[in-house]
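Asker: What follows is final03.txt; its format and atoms are compact mmCIF, C-alpha atoms.
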```
# COMPACT_ATOMS: atom_id res chain seq x y z
CA MET A 1 35.66 -9.87 8.25
CA SER A 2 38.30 -12.38 7.18
CA THR A 3 40.82 -11.60 4.44
CA SER A 4 39.22 -13.97 1.94
CA ASP A 5 36.06 -11.88 2.02
CA GLU A 6 37.88 -8.69 1.22
CA GLN A 7 36.42 -8.27 -2.30
CA SER A 8 33.31 -6.39 -1.31
CA PRO A 9 30.24 -7.35 0.63
CA ASN A 10 28.12 -6.24 -2.32
CA LEU A 11 29.70 -8.72 -4.67
CA GLN A 12 29.15 -11.48 -2.16
CA ARG A 13 25.54 -10.53 -1.85
CA ARG A 14 25.09 -10.46 -5.61
CA ARG A 15 26.60 -13.89 -5.96
CA PHE A 16 24.29 -15.20 -3.30
CA LEU A 17 21.29 -13.64 -5.04
CA ALA A 18 22.36 -15.06 -8.39
CA VAL A 19 22.68 -18.55 -6.92
CA SER A 20 19.35 -18.43 -5.13
CA ALA A 21 17.57 -16.96 -8.16
CA ALA A 22 19.00 -19.66 -10.42
CA ALA A 23 17.77 -22.29 -8.02
CA ALA A 24 14.27 -20.87 -8.02
CA GLY A 25 13.84 -20.03 -11.70
CA VAL A 26 13.89 -22.36 -14.67
CA THR A 27 17.23 -22.08 -16.41
CA LEU A 28 16.92 -22.41 -20.17
CA ALA A 29 20.40 -21.43 -21.19
CA PRO A 30 23.24 -19.83 -19.28
CA GLY A 31 21.97 -16.46 -18.16
CA VAL A 32 18.51 -16.84 -19.74
CA MET A 33 15.72 -17.75 -17.38
CA MET A 34 12.02 -17.95 -18.02
CA PHE A 35 11.02 -16.28 -14.83
CA GLU A 36 12.52 -14.95 -11.73
CA VAL A 37 11.12 -15.11 -8.26
CA ALA A 38 9.35 -11.93 -7.30
CA GLN A 39 10.38 -10.78 -3.87
CA ALA A 40 7.46 -10.60 -1.51
CA ARG A 41 7.14 -7.47 0.56
CA SER A 42 5.95 -7.63 4.11
CA PRO A 43 2.16 -7.09 4.22
CA SER A 44 2.57 -3.79 6.08
CA GLU A 45 4.94 -2.38 3.48
CA ALA A 46 3.54 -0.21 0.68
CA ALA A 47 4.31 -0.90 -2.97
CA SER A 48 7.59 0.76 -3.86
CA ARG A 49 8.41 3.20 -6.63
CA ASP A 50 11.78 1.46 -7.00
CA VAL A 51 10.04 -1.49 -8.62
CA ARG A 52 8.23 -1.47 -11.93
CA TRP A 53 6.45 -4.69 -12.72
CA GLY A 54 6.35 -5.67 -16.35
CA MET A 55 5.86 -8.55 -18.72
CA LEU A 56 7.65 -9.74 -21.81
CA ILE A 57 5.59 -11.86 -24.18
CA ASP A 58 7.32 -13.95 -26.82
CA SER A 59 4.82 -14.35 -29.65
CA ASN A 60 7.13 -16.87 -31.36
CA LYS A 61 6.44 -19.26 -28.52
CA CYS A 62 2.75 -18.40 -28.15
CA LYS A 63 0.65 -21.06 -29.87
CA THR A 64 -2.27 -20.19 -32.14
CA GLY A 65 -5.48 -21.65 -30.73
CA CYS A 66 -4.13 -22.05 -27.20
CA ASP A 67 -5.92 -19.98 -24.59
CA ASP A 68 -4.47 -21.33 -21.36
CA CYS A 69 -3.57 -17.81 -20.19
CA VAL A 70 -7.11 -16.57 -20.83
CA SER A 71 -8.79 -19.41 -18.97
CA ALA A 72 -6.30 -19.19 -16.09
CA CYS A 73 -7.04 -15.47 -15.77
CA ALA A 74 -10.79 -16.09 -15.91
CA LYS A 75 -10.58 -18.70 -13.20
CA GLU A 76 -8.23 -16.70 -10.99
CA ASN A 77 -10.28 -13.51 -11.20
CA GLY A 78 -13.74 -15.07 -11.29
CA TRP A 79 -15.02 -13.92 -14.68
CA ALA A 80 -15.13 -17.37 -16.24
CA ASN A 81 -18.83 -17.95 -15.69
CA ASP A 82 -19.99 -14.44 -16.45
CA THR A 83 -23.47 -14.65 -17.94
CA ALA A 84 -23.34 -11.40 -19.93
CA PRO A 85 -24.19 -11.57 -23.66
CA LEU A 86 -21.21 -11.91 -26.01
CA ALA A 87 -20.90 -8.18 -26.78
CA GLN A 88 -20.65 -7.40 -23.06
CA LYS A 89 -18.45 -10.28 -21.93
CA PRO A 90 -15.57 -9.27 -19.69
CA GLN A 91 -12.17 -9.39 -21.41
CA TRP A 92 -9.35 -9.02 -18.96
CA ILE A 93 -7.12 -10.79 -21.44
CA ARG A 94 -7.75 -12.12 -24.95
CA LYS A 95 -5.84 -13.94 -27.65
CA VAL A 96 -5.17 -12.01 -30.85
CA ASN A 97 -4.03 -13.55 -34.14
CA LEU A 98 -2.02 -11.37 -36.50
CA THR A 99 -1.30 -11.98 -40.17
CA HIS A 100 1.33 -9.93 -41.96
CA LYS A 101 -0.33 -8.36 -45.01
CA THR A 102 2.47 -9.07 -47.48
CA THR A 103 4.35 -12.07 -46.15
CA GLY A 104 1.37 -13.87 -44.67
CA HIS A 105 3.39 -14.57 -41.51
CA GLN A 106 1.04 -15.41 -38.67
CA ALA A 107 1.56 -14.60 -35.04
CA SER A 108 -0.53 -15.17 -31.96
CA LEU A 109 -0.34 -13.23 -28.74
CA PRO A 110 -2.27 -12.42 -25.59
CA MET A 111 -3.50 -8.84 -25.30
CA MET A 112 -4.43 -7.19 -22.03
CA CYS A 113 -3.84 -4.00 -20.03
CA GLN A 114 -0.36 -2.84 -21.03
CA HIS A 115 0.23 -1.13 -17.67
CA CYS A 116 1.45 2.10 -19.27
CA ALA A 117 3.78 4.45 -17.44
CA GLU A 118 1.62 7.28 -18.84
CA PRO A 119 -1.80 5.67 -18.79
CA PRO A 120 -4.50 7.55 -20.75
CA CYS A 121 -7.19 5.82 -18.65
CA VAL A 122 -5.81 7.57 -15.55
CA ASP A 123 -5.68 10.93 -17.35
CA VAL A 124 -9.36 10.90 -18.27
CA CYS A 125 -10.89 9.45 -15.08
CA PRO A 126 -13.15 12.08 -13.49
CA THR A 127 -13.12 10.55 -10.00
CA GLY A 128 -9.56 9.29 -9.61
CA ALA A 129 -10.71 5.69 -9.60
CA SER A 130 -8.46 4.80 -12.51
CA MET A 131 -5.02 4.84 -10.96
CA LYS A 132 -1.43 3.69 -11.24
CA ARG A 133 0.15 2.10 -8.22
CA ALA A 134 3.68 3.10 -7.19
CA ASP A 135 5.07 -0.10 -8.71
CA GLY A 136 3.53 0.64 -12.11
CA ILE A 137 0.45 -1.58 -11.93
CA VAL A 138 -2.59 0.20 -13.38
CA LEU A 139 -5.79 -0.51 -11.46
CA VAL A 140 -9.42 0.55 -11.10
CA ASP A 141 -10.41 1.60 -7.57
CA LYS A 142 -13.93 0.21 -7.76
CA HIS A 143 -14.78 1.86 -4.44
CA ILE A 144 -14.95 5.21 -6.22
CA CYS A 145 -15.56 4.14 -9.85
CA ILE A 146 -18.85 5.61 -11.07
CA GLY A 147 -18.97 3.50 -14.23
CA CYS A 148 -18.74 6.37 -16.72
CA ARG A 149 -16.47 4.32 -19.00
CA TYR A 150 -14.29 7.24 -20.14
CA CYS A 151 -11.26 5.03 -19.45
CA MET A 152 -12.60 2.37 -21.81
CA MET A 153 -12.83 5.01 -24.53
CA ALA A 154 -9.34 6.32 -23.80
CA CYS A 155 -7.55 2.97 -23.77
CA PRO A 156 -5.89 2.29 -27.15
CA TYR A 157 -5.69 -1.44 -26.33
CA LYS A 158 -9.38 -2.01 -25.54
CA ALA A 159 -8.15 -3.55 -22.33
CA ARG A 160 -11.05 -2.64 -20.08
CA SER A 161 -14.54 -4.03 -19.72
CA PHE A 162 -17.64 -2.92 -17.90
CA VAL A 163 -19.72 -5.09 -15.59
CA HIS A 164 -23.27 -4.68 -16.85
CA GLU A 165 -25.11 -7.07 -14.59
CA ILE A 166 -25.19 -8.10 -10.97
CA VAL A 167 -22.33 -10.48 -10.26
CA ASP A 168 -23.18 -13.48 -8.17
CA HIS A 169 -20.17 -13.76 -5.94
CA GLU A 170 -21.28 -16.26 -3.40
CA ASP A 171 -17.87 -17.86 -3.77
CA ALA A 172 -16.00 -15.14 -5.59
CA TYR A 173 -12.53 -14.11 -4.58
CA MET A 174 -11.66 -11.12 -6.73
CA PRO A 175 -14.14 -8.32 -5.97
CA ARG A 176 -16.19 -7.51 -9.09
CA GLY A 177 -19.40 -5.56 -9.12
CA MET A 178 -22.08 -4.20 -11.39
CA GLY A 179 -21.56 -0.66 -12.62
CA THR A 180 -17.78 -0.62 -12.40
CA VAL A 181 -14.98 -0.97 -14.95
CA GLU A 182 -12.45 -3.77 -14.63
CA SER A 183 -9.27 -4.94 -16.33
CA CYS A 184 -6.08 -6.93 -15.89
CA THR A 185 -4.59 -6.21 -12.46
CA MET A 186 -1.37 -8.07 -13.29
CA CYS A 187 -2.71 -10.37 -10.54
CA VAL A 188 -1.72 -7.75 -7.99
CA HIS A 189 -2.98 -9.94 -5.13
CA ARG A 190 -0.54 -12.66 -6.17
CA VAL A 191 2.34 -10.31 -6.95
CA ASP A 192 2.05 -8.81 -3.46
CA LYS A 193 2.51 -12.30 -2.04
CA GLY A 194 5.58 -12.84 -4.21
CA GLU A 195 3.80 -15.10 -6.67
CA MET A 196 3.55 -14.92 -10.47
CA PRO A 197 0.45 -13.68 -12.30
CA ALA A 198 -1.92 -16.53 -13.21
CA CYS A 199 -1.32 -16.21 -16.98
CA VAL A 200 2.45 -16.45 -16.54
CA GLU A 201 2.11 -19.54 -14.41
CA SER A 202 -0.37 -21.22 -16.76
CA CYS A 203 1.62 -20.84 -20.00
CA LYS A 204 3.03 -24.23 -20.95
CA GLU A 205 5.22 -22.65 -23.64
CA GLN A 206 6.66 -20.26 -21.05
CA ALA A 207 5.99 -17.44 -23.48
CA ILE A 208 5.29 -14.85 -20.78
CA MET A 209 8.03 -13.50 -18.58
CA PHE A 210 7.25 -11.43 -15.51
CA GLY A 211 9.61 -9.27 -13.50
CA ASP A 212 10.96 -5.92 -12.39
CA LEU A 213 11.79 -3.62 -15.31
CA ASN A 214 13.65 -1.24 -13.00
CA ASP A 215 16.12 -3.86 -11.81
CA PRO A 216 18.89 -4.20 -14.42
CA ASN A 217 19.74 -7.63 -13.00
CA SER A 218 16.25 -9.09 -13.32
CA ALA A 219 15.75 -11.80 -15.94
CA ILE A 220 13.25 -9.66 -17.84
CA SER A 221 15.59 -6.65 -17.97
CA LYS A 222 18.47 -8.80 -19.17
CA ARG A 223 16.31 -10.35 -21.84
CA LEU A 224 15.05 -6.93 -22.96
CA LYS A 225 18.64 -5.75 -23.18
CA GLU A 226 19.78 -8.74 -25.19
CA TYR A 227 16.95 -9.25 -27.68
CA PRO A 228 14.81 -6.82 -29.66
CA SER A 229 11.30 -6.24 -28.38
CA ARG A 230 8.41 -3.93 -29.13
CA GLN A 231 5.74 -1.98 -27.38
CA VAL A 232 2.36 -2.14 -29.09
CA ARG A 233 1.51 1.32 -30.44
CA ALA A 234 4.87 2.64 -29.32
CA ASP A 235 4.03 5.76 -31.35
CA LEU A 236 1.68 6.85 -28.56
CA LYS A 237 4.68 7.08 -26.21
CA LEU A 238 2.80 5.50 -23.32
CA ASN A 239 5.84 3.48 -22.20
CA THR A 240 3.98 0.22 -21.70
CA GLY A 241 4.91 -2.26 -19.02
CA VAL A 242 4.00 -5.18 -21.29
CA ARG A 243 6.46 -5.76 -24.12
CA TYR A 244 6.37 -8.18 -27.05
CA GLU A 245 8.96 -10.17 -28.93
CA GLY A 246 8.49 -11.55 -32.43
CA ILE A 247 5.96 -9.05 -33.76
CA MET B 1 -87.55 0.23 35.64
CA LYS B 2 -86.31 -2.30 33.20
CA GLN B 3 -85.96 0.37 30.51
CA ASN B 4 -83.86 2.50 32.84
CA ALA B 5 -81.46 -0.34 33.45
CA VAL B 6 -80.95 -0.82 29.69
CA LYS B 7 -80.31 2.92 29.30
CA LYS B 8 -77.73 2.78 32.09
CA GLN B 9 -76.02 -0.11 30.32
CA LEU B 10 -75.96 1.82 27.03
CA ARG B 11 -74.38 4.79 28.74
CA LEU B 12 -71.53 2.54 29.82
CA TYR B 13 -70.71 1.36 26.27
CA PRO B 14 -68.56 4.37 25.18
CA TYR B 15 -66.30 3.87 28.18
CA LEU B 16 -66.07 0.18 27.50
CA ILE B 17 -65.24 0.70 23.81
CA SER B 18 -62.61 3.35 24.49
CA ALA B 19 -61.02 1.15 27.12
CA LEU B 20 -60.88 -1.72 24.64
CA LEU B 21 -59.40 0.54 21.93
CA LEU B 22 -56.77 1.83 24.31
CA ALA B 23 -55.80 -1.67 25.26
CA ALA B 24 -55.58 -2.75 21.60
CA PHE B 25 -53.52 0.32 20.74
CA SER B 26 -51.03 -0.23 23.50
CA VAL B 27 -50.65 -3.88 22.51
CA SER B 28 -49.95 -2.88 18.89
CA LEU B 29 -47.41 -0.31 20.12
CA VAL B 30 -45.50 -3.02 21.92
CA GLN B 31 -45.62 -5.24 18.83
CA ALA B 32 -44.34 -2.49 16.49
CA ASP B 33 -41.22 -2.12 18.63
CA VAL B 34 -38.43 -3.74 16.55
CA PRO B 35 -36.60 -6.30 18.64
CA LYS B 36 -33.01 -5.42 19.54
CA PRO B 37 -30.59 -7.05 17.07
CA ASP B 38 -29.33 -10.43 18.11
CA VAL B 39 -25.66 -9.99 17.17
CA PRO B 40 -23.98 -13.36 16.63
CA LYS B 41 -20.84 -14.05 18.66
CA ALA B 42 -17.53 -14.30 16.82
CA ILE B 43 -16.46 -17.85 16.05
CA LYS B 44 -12.95 -17.32 17.33
CA GLY B 45 -11.50 -15.22 20.11
CA GLU B 46 -13.13 -13.20 22.85
CA GLN B 47 -11.72 -9.79 22.00
CA CYS B 48 -12.14 -7.91 18.71
CA VAL B 49 -9.18 -6.12 17.09
CA GLU B 50 -10.23 -2.98 18.96
CA GLU B 51 -12.40 -2.36 21.99
CA THR B 52 -16.06 -3.31 21.31
CA GLY B 53 -17.53 0.17 21.85
CA PHE B 54 -14.91 1.69 19.57
CA MET B 55 -15.65 -0.92 16.90
CA ARG B 56 -19.39 -0.24 17.07
CA ARG B 57 -18.86 3.43 16.40
CA ASN B 58 -15.83 3.38 14.11
CA HIS B 59 -15.68 0.12 12.20
CA MET B 60 -16.68 1.88 8.98
CA GLU B 61 -13.81 4.34 9.27
CA LEU B 62 -11.33 1.53 9.82
CA LEU B 63 -12.66 -0.38 6.82
CA LYS B 64 -12.56 2.69 4.61
CA HIS B 65 -9.01 3.48 5.63
CA GLN B 66 -7.95 -0.10 5.10
CA ARG B 67 -9.53 -0.35 1.65
CA ASP B 68 -7.63 2.71 0.41
CA ASP B 69 -4.36 1.50 1.93
CA THR B 70 -4.75 -1.91 0.38
CA LEU B 71 -5.86 -1.00 -3.10
CA ARG B 72 -3.91 2.19 -3.64
CA GLU B 73 -0.76 1.51 -1.62
CA GLY B 74 -0.60 -2.27 -1.63
CA ILE B 75 -0.59 -2.55 2.17
CA ARG B 76 -2.17 -5.89 2.91
CA THR B 77 -2.35 -6.13 6.69
CA VAL B 78 -5.44 -8.04 7.79
CA LYS B 79 -6.08 -6.43 11.19
CA HIS B 80 -8.69 -3.95 9.96
CA SER B 81 -9.60 -5.69 6.71
CA LEU B 82 -13.05 -6.81 5.62
CA GLN B 83 -11.76 -10.35 5.33
CA GLY B 84 -10.45 -10.02 8.87
CA CYS B 85 -13.98 -9.16 10.06
CA LEU B 86 -15.55 -12.01 8.14
CA SER B 87 -13.08 -14.65 9.24
CA CYS B 88 -14.07 -14.16 12.90
CA HIS B 89 -17.65 -12.98 12.52
CA ALA B 90 -18.76 -15.76 10.18
CA VAL B 91 -22.14 -17.27 10.95
CA LYS B 92 -22.97 -20.85 10.15
CA ASP B 93 -26.38 -22.00 9.00
CA SER B 94 -28.18 -25.02 10.43
CA ASP B 95 -26.59 -27.15 7.69
CA GLY B 96 -23.08 -26.09 8.74
CA THR B 97 -22.28 -23.81 5.78
CA PHE B 98 -21.43 -20.14 6.15
CA VAL B 99 -24.33 -17.81 5.44
CA SER B 100 -24.00 -15.03 2.87
CA VAL B 101 -25.15 -11.44 3.29
CA LYS B 102 -28.48 -12.47 1.76
CA SER B 103 -29.33 -14.15 5.05
CA GLU B 104 -30.77 -12.24 7.99
CA LYS B 105 -28.39 -14.16 10.24
CA HIS B 106 -25.28 -12.63 8.61
CA PHE B 107 -23.21 -10.71 11.17
CA CYS B 108 -23.30 -7.41 9.26
CA ASN B 109 -26.99 -7.79 8.46
CA SER B 110 -28.03 -8.44 12.03
CA CYS B 111 -27.25 -4.83 12.97
CA HIS B 112 -27.54 -3.07 9.65
CA SER B 113 -31.12 -4.13 9.02
CA TYR B 114 -31.98 -2.86 12.52
CA ALA B 115 -30.22 0.46 11.92
CA ALA B 116 -31.63 0.66 8.35
CA VAL B 117 -28.17 1.38 6.93
CA LYS B 118 -27.53 -0.04 3.48
CA ILE B 119 -24.01 -1.28 2.90
CA ASP B 120 -22.44 -1.56 -0.55
CA CYS B 121 -19.42 -3.68 0.40
CA PHE B 122 -20.99 -6.91 -0.75
CA GLY B 123 -21.99 -5.57 -4.15
CA CYS B 124 -18.42 -6.58 -5.07
CA HIS B 125 -16.94 -8.41 -2.09
CA ASN B 126 -17.69 -11.93 -1.03
CA SER B 127 -19.64 -11.95 2.21
CA LYS B 128 -18.33 -15.30 3.38
CA PRO B 129 -14.90 -16.11 4.84
CA GLN B 130 -12.30 -16.29 2.11
CA GLN B 131 -11.63 -19.57 0.36
CA GLN B 132 -8.35 -20.58 -1.15
CA VAL B 133 -8.05 -20.67 -4.94
CA SER B 134 -7.74 -24.45 -4.95
CA GLN B 135 -11.02 -24.84 -3.07
CA ARG B 136 -12.98 -22.70 -5.50
CA ASN B 137 -15.13 -24.10 -8.25
CA PRO B 138 -13.50 -23.91 -11.67
```
Show me this structure written as structure tokens.
Answerer:
Amino acid sequence: MSTSDEQSPNLQRRRFLAVSAAAAGVTLAPGVMMFEVAQARSPSEAASRDVRWGMLIDSNKCKTGCDDCVSACAKENGWANDTAPLAQKPQWIRKVNLTHKTTGHQASLPMMCQHCAEPPCVDVCPTGASMKRADGIVLVDKHICIGCRYCMMACPYKARSFVHEIVDHEDAYMPRGMGTVESCTMCVHRVDKGEMPACVESCKEQAIMFGDLNDPNSAISKRLKEYPSRQVRADLKLNTGVRYEGI
Amino acid sequence: MKQNAVKKQLRLYPYLISALLLAAFSVSLVQADVPKPDVPKAIKGEQCVEETGFMRRNHMELLKHQRDDTLREGIRTVKHSLQGCLSCHAVKDSDGTFVSVKSEKHFCNSCHSYAAVKIDCFGCHNSKPQQQVSQRNP
């Protein structure tokens, strides 16, 4: 190694990472980026406990009446044309409007599986179908789901839905089937390829940030450190992976 | 004399009838024999991911192992995946489109209907080779 590189190899590496990340992400202000580039694992590598995927949703940016994230999710995961009656329609993600009782301040935000670190849906599942992956993504293993819907009862966010009728998946991509429970997968199939979840990508206001909560240098961690944010129903101490700003 | 001849003829009838019945029965036996499945050839490659005999006996174990690895661990190798099977063993219809599991021609169906083994895979999974997101209908 030459004398000019004497600082430390680690610092060099960090600088390189910072430069490449800045080139890939959208820089809003110095040090504040809307998203970072998720690092794709090799297909043969299992999801790692060192990573915890999370989202940060800025409800100040989220527009009332806009449902781009919902329709992007529906298209990506194939529940857009579900023929179930309204009360049984799948809701992987939905828009919620909030009005403050005294001030009348209105806020709009997308609500979906909060990918809890201590998920109640996993606690109650009698078969082990409801599960949390090593990287914090909460999923339903439909191979062993018996459709009892205990997890739907246990979830404080009403994040899960049940498939009541036969799904016609002649051209479907995300496996969905009658008699099983489903919910937001944080687009795990995309994340594993190093891509962003569909809702994050679709948001024109860039109100949703996705990244690794365990990495102190990730854009989402830096943002969480710098600005106040909230977990919905933080009183339940579920340590959600989805956090909100502006509520 | 003439009466005797008729009697002789009548005595022959039971033999004749039983012979006919036997013939009819054996013909129906042959017809009830289900034809051996006509397994469609893979559209690409000559050799499967494992040896053919091994695949015939153990493909279900490989698929089961792969499904748990993929969903629960996030290991997304395609060698033993369902999509891997379908991408090679896709069957095209006369109009050039891939057939779904509803068709008798479908690779999985060709054997499974013969063996009378019901498979649940396609209750959730697509039975055709995977399409890219951009090619899907909105």
Asker: Identify, on the basis of all atoms listed in the file, every residue whose closest approach to segment 204-210 of chain A does not exceed 10 Å; exclude the query and any residue fewer than 4 positions from it along the same chain; express the result as a ChimeraX atom specification.
Answerer: /A:26,33-38,53-63,66,68-69,109-110,186,191,196-197,199-200,218-221,223,242-245
Asker: Once you count all atoms listed in the file, which residues of chain A turn out to be within 6 Å of chain B? Could you give them as a ChimeraX atom specification?
Answerer: /A:43-47,169,172,175-177
Asker: Please measure the separation of atom CA of Pro156 of chain A and atom CA of Trp79 of chain A, giving the value in Å to one decimal.
Answerer: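 Separation between atom CA of Pro156 of chain A and atom CA of Trp79 of chain A: 22.4 Å.
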Asker: Listed atoms of segment 54-68 of chain B, axis-aligned box, 8 Å per side: centre and edge lengths to one decimal in Å, as JSON?
Answerer:
```
{"center_x": -13.5, "center_y": 1.7, "center_z": 10.0, "size_x": 27.8, "size_y": 21.3, "size_z": 35.2}
```
Asker: Take atom CA of Lys142 of chain A and atom CA of Cys113 of chain A and report the distance between them in Å, one decimal.
Answerer: 16.4 Å
Asker: Could you tell me how far atom CA of Gly136 of chain A lies from atom CA of His115 of chain A, in Å and to one decimal?
Answerer: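 Separating atom CA of Gly136 of chain A from atom CA of His115 of chain A is a distance of 6.7 Å.
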Asker: Go through B:Glu61, B:Glu51, B:Asp93, B:Glu46 one by one, measure the shortest atom-to-atom distance of each to Phe107 of chain B using all atoms listed in the file, and give the residue with the smallest value.
Answerer: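 Smallest distance to Phe107 of chain B is found for B:Asp93.
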Asker: Neighbours of Ser110 of chain B within 9 Å (only C-alpha atoms; same-chain residues fewer than 5 positions away dropped), as a list in words?
Answerer: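 The residues that qualify are Pro37, Asp38, Val39, Pro40, Glu104 and Lys105 of chain B.
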Asker: Write the residues you've just listed into a file as an mmCIF file, keeping the file's coordinate frame, and include C-alpha atoms for each of them.
Answerer:
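File again31.cif, as written:
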```
data_model
loop_
_atom_site.group_PDB
_atom_site.id
_atom_site.type_symbol
_atom_site.label_atom_id
_atom_site.label_comp_id
_atom_site.auth_asym_id
_atom_site.auth_seq_id
_atom_site.Cartn_x
_atom_site.Cartn_y
_atom_site.Cartn_z
ATOM 1 C CA PRO B 37 -30.590 -7.050 17.070
ATOM 2 C CA ASP B 38 -29.330 -10.430 18.110
ATOM 3 C CA VAL B 39 -25.660 -9.990 17.170
ATOM 4 C CA PRO B 40 -23.980 -13.360 16.630
ATOM 5 C CA GLU B 104 -30.770 -12.240 7.990
ATOM 6 C CA LYS B 105 -28.390 -14.160 10.240
#
```
Asker: If you count only C-alpha atoms, which residues fall within 12 Å of Ser71 of chain A, apart from same-chain ones fewer than 5 positions away, as a ChimeraX atom specification?
Answerer: /A:66,76-81,91-95,110,198-203 /B:138
Asker: Which residues, written as a list in words, have at least one atom at most 10 Å from Lys79 of chain B, with only C-alpha atoms counted and residues fewer than 6 positions away on the same chain left out?
Answerer: Cys48, Val49, Glu50, Leu62, Leu63, Gln66 and Cys85 of chain B
Asker: Name all residues at most 10 Å from Cys116 of chain A (count only C-alpha atoms; drop same-chain ones fewer than 3 positions away) and give them as a ChimeraX atom specification.
Answerer: /A:54,113,119-122,132,136-138,237-242
Asker: Could you check which of A:Glu165, A:Glu118, A:Asp123, A:Asp235 is closest to Gln88 of chain A, using only C-alpha atoms?
Answerer: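 Using only C-alpha atoms, Gln88 of chain A sits closest to A:Glu165.
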